[in-house]
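**Student:** Dumping the structure here so I can ask a few things about it.
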Amino acid sequence: MPWIFTINPGSTSTKTALFHNTTCVCESVERHDHAILAALPTLQDQIPLRLAAIEQALAEAITQAQKQDWQPDPDLAGHSHLTQPPASPADLDAFVGRGGLLRPLTSGTYTINPAMLADLTTNRYGIHASNLGAPIAHTLATIHGDHNPKPAFIVDPITVDEFEPLARYTGLPQLKRLSRFHALNQKAIARRAAAQLGRPYSQLKLIIAHLGGGISIAAHQFGSVIDVNNALEEGPFTPERAGTLPTLQLLDLFESQQYTPAQLRTLLVGRGGLFAYTGTTDARAIEEDAHTDPQKRELLDAMAYQIAKTIGAMAIPLKGQIDAIILTGGLARSHILTTAITESTQFLAPVLVIPGEDELLAMAEGALRVLTGQEAPKTYERED
C-alpha cells in the first residue's frame with residue numbers, strides 16, 4: 001500500500017500528515033510566527049521557512065511509522081516491502097500539496113508541472129496561502145527523489161469549475177460569477193455520502209454545505225458541481241466573512257471614506273460575519289455563550305437562517321430532485337446550527353451531518369486513486 005505525505009498551508013500554519021493507504025500514521029500542525037511571515041516581501045518567500053518546519057515534521061512522521069507494527073497484507077503476496085514503513089522520505093510514494101488559486105479546472109487529481117508552478121509562484125489568479133502547496137510538494141518530491149522526482153500532485157483546488165452556463169450570469173456584463181469553493185472537502189464528502197447512500201456519486205443529486213471559516217453551498221448533479229456560492233464574496237455570513245451584502249449600502253459605506261479599500265476588503269473577508277458582531281471567530285465560544293445570551297443565540301439563528309436559505313436556492317439548479325442534503329465542515333459540530341438548518345431544510349430531502357474537513361485525508365485519497373490506477377492523473381495547462 002502506498003505511503004503518501006500531504007501538505008496543507010494556511011495563513012500562519014502548515015498542516016501535514018503521513019498516510020499509509022488511507023490510514024493516517026502521523027498528523028501535525030506547524031505554526032509560523034505571524035510577524036516573521038508578515039515581514040517577508042512575497043508569499044513565495046515563505047517557502048524556505050515553511051519547508052524547514054515541514055522537513056522536521058516529515059522526519060518525525062517517519063519515525064512514528066517505524067514504531068508501529070505493520071503486518072503483511074495478504075493481498076500483496078510477493079510485495080511485502082509495500083507494507084513496510086519508510087526508512088526515509090525517499091521511500092515515500094507521493095507528495096500532495098493543497099491546490100491553490102489556478103485557472104478554472106474540472107475536478108480531479110493533477111500532476112504538479114511547470115505550467116502550474118508558474119501560475120502559482122506568480123500569483124496569477126490571486127494570492128492565497130494554498131498557492132504554496134504545490135511548490136512545497138514539488139520541492140519535497142525533487143529533494144527526496146534521488147535524481148528521479150517522486151510523484152507530486154494537487155487534488156481538487158478551490159478553482160474547480162463545473163458551472164453550467166446560466167450559473168455564470170450576474171446583473172452586469174462586466175461581472176461574472178466565479179466558482180470559488182471548498183472543492184477538496186466537498187468532493188470527498190460527496191463520495192463518502194454516496195457510500196452511505198449505497199449509490200455512486202455519479203448517479204446522485206446532492207446539496208452539500210461546507211460550514212467553516214468560509215461557507216460554500218453547492219448543487220452536485222451526477223458528479224459535477226453545477227452551481228455554488230463564491231465562498232469569498234457570496235452566500236451566508238460566516239465566522240469571518242460578511243457574505244452577500246446590500247450592494248447600494250456597501251457602496252455608500254465605501255463612499256463615506258470611513259475605510260480605505262484595503263480596510264474594506266478586510267472587513268468583508270477576515271473581519272466580517274461573527275467577528276464583526278462579537279469580536280471573535282470562535283463559533284464554539286459563541287455557541288456556549290448563546291445558551292445564556294439571547295443576542296448571541298439570535299446571531300447563530302440568523303447564520304443558520306441564511307445557510308438554510310442558500311440551501312433552498314440550490315434546490316433550483318437540481319429542479320427540486322435532491323437525494324440528500326449534507327452538512328459538513330467544522331461548524332457542522334454545532335448543535336444549534338445543525339438543528340436549525342435541519343429543521344428548515346429537511347422538507348427538501350434527508351439531511352446528513354458529516355462534521356469536520358479531513359482535507360489532508362481527501363488529498364491522500366486523491367493521490368491514492370491515481371497511484372492504484374482508479375483514475376488517470378490530469379495535466380494542468382496554462383491559459384493564453
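Convention: chains lettered A, B, ... in C-alpha cells order; per-chain residue numbering from 1; ligands numbered from 1 as shown.
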Please list as a ChimeraX atom specification every residue within 8 Å of Met363 in chain A, counting only C-alpha atoms and excluding residues in the same chain fewer than 2 positions away.
**Tutor:** /A:6,96-98,154-155,184,359-361,365-367
**Student:** Any idea what's packed within 9 Å of range 129-140 of chain A, counting only C-alpha atoms, ignoring anything in its chain fewer than 5 positions away? Could you give it as a count of residues only?
**Tutor:** 40
**Student:** Can you tell me, as number ranges by chain, what residues are no more than 10 Å from range 167-176 of chain A when counting only C-alpha atoms, ignoring any on the same chain fewer than 2 positions away?
**Tutor:** A: 162-165, 178-179, 226-229, 317
**Student:** Quick one, how far is CA of Ala364 in chain A from CA of Ala332 in chain A?
**Tutor:**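 Here the two named atoms are 22.5 Å from each other.
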**Student:** Mind checking DSSP for range 4-88 of chain A and telling me the strand (DSSP E or B) residues as a list of chain:residue names?
**Tutor:**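 Answer for range 4-88 of chain A restricted to strand (DSSP E or B) is A:Ile4, A:Phe5, A:Thr6, A:Ile7, A:Asn8, A:Pro9, A:Ser13, A:Thr14, A:Lys15, A:Thr16, A:Ala17, A:Leu18, A:Phe19, A:His20, A:Thr23, A:Cys24, A:Val25, A:Cys26, A:Glu27, A:Ser28, A:Val29, A:Glu30, A:Arg31.
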**Student:** Go through A:Arg265, A:Glu240, A:Asn230, A:Glu255 and flag the residue nearest Thr280 in chain A, using only C-alpha atoms for the distances.
**Tutor:**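 Between A:Arg265, A:Glu240, A:Asn230, A:Glu255, the residue approaching Thr280 in chain A most closely is A:Glu240.
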**Student:** Among the residues of range 143-216 of chain A, find those DSSP assigns to helix (DSSP H, G or I) from the backbone and print them as a list in words.
**Tutor:** Ile143, Pro165, Leu166, Ala167, Arg168, Ala183, Leu184, Asn185, Gln186, Lys187, Ala188, Ile189, Ala190, Arg191, Arg192, Ala193, Ala194, Ala195, Gln196, Leu197, Tyr201, Ser202 and Gln203 of chain A
**Student:** With only C-alpha atoms as the counted atoms, please give the residues lying no more than 12 Å from Gly279 in chain A, apart from itself and same-chain residues fewer than 5 positions off, as a PyMOL selection string.
**Tutor:** chain A and resi 239-240+270-274+285-286+296
**Student:** Output C-alpha atoms for every residue in the selection just made, as a short mmCIF file (atom, residue, chain, number, x, y, z; two decimals), in the first residue's frame.
**Tutor:**
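Now in part-v2.cif:
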```
data_model
loop_
_atom_site.label_atom_id
_atom_site.label_comp_id
_atom_site.auth_asym_id
_atom_site.auth_seq_id
_atom_site.Cartn_x
_atom_site.Cartn_y
_atom_site.Cartn_z
CA PRO A 239 -17.34 33.37 11.36
CA GLU A 240 -15.09 35.82 9.47
CA GLY A 270 -11.49 38.38 7.54
CA ARG A 271 -13.26 40.67 9.99
CA GLY A 272 -16.88 40.30 8.91
CA GLY A 273 -19.56 37.85 9.97
CA LEU A 274 -19.50 36.65 13.56
CA ALA A 285 -17.36 30.07 22.37
CA ILE A 286 -20.27 31.97 20.83
CA LYS A 296 -25.66 35.63 20.51
#
```
**Student:** Produce a table with one row for each residue of range 311-375 of chain A that has an atom at most 8 Å from any atom of range 188-193 of chain A, each row naming the nearest atom pair and its distance in Å at one decimal; use only C-alpha atoms; arrange rows by chain and rising residue number; format as a tab-separated table.
**Tutor:**
```
residue	atom	partner	partner_atom	distance
A:Ile326	CA	A:Ala193	CA	7.8
A:Thr328	CA	A:Ile189	CA	7.7
A:Ile354	CA	A:Ile189	CA	7.7
A:Ala362	CA	A:Ala188	CA	5.7
```
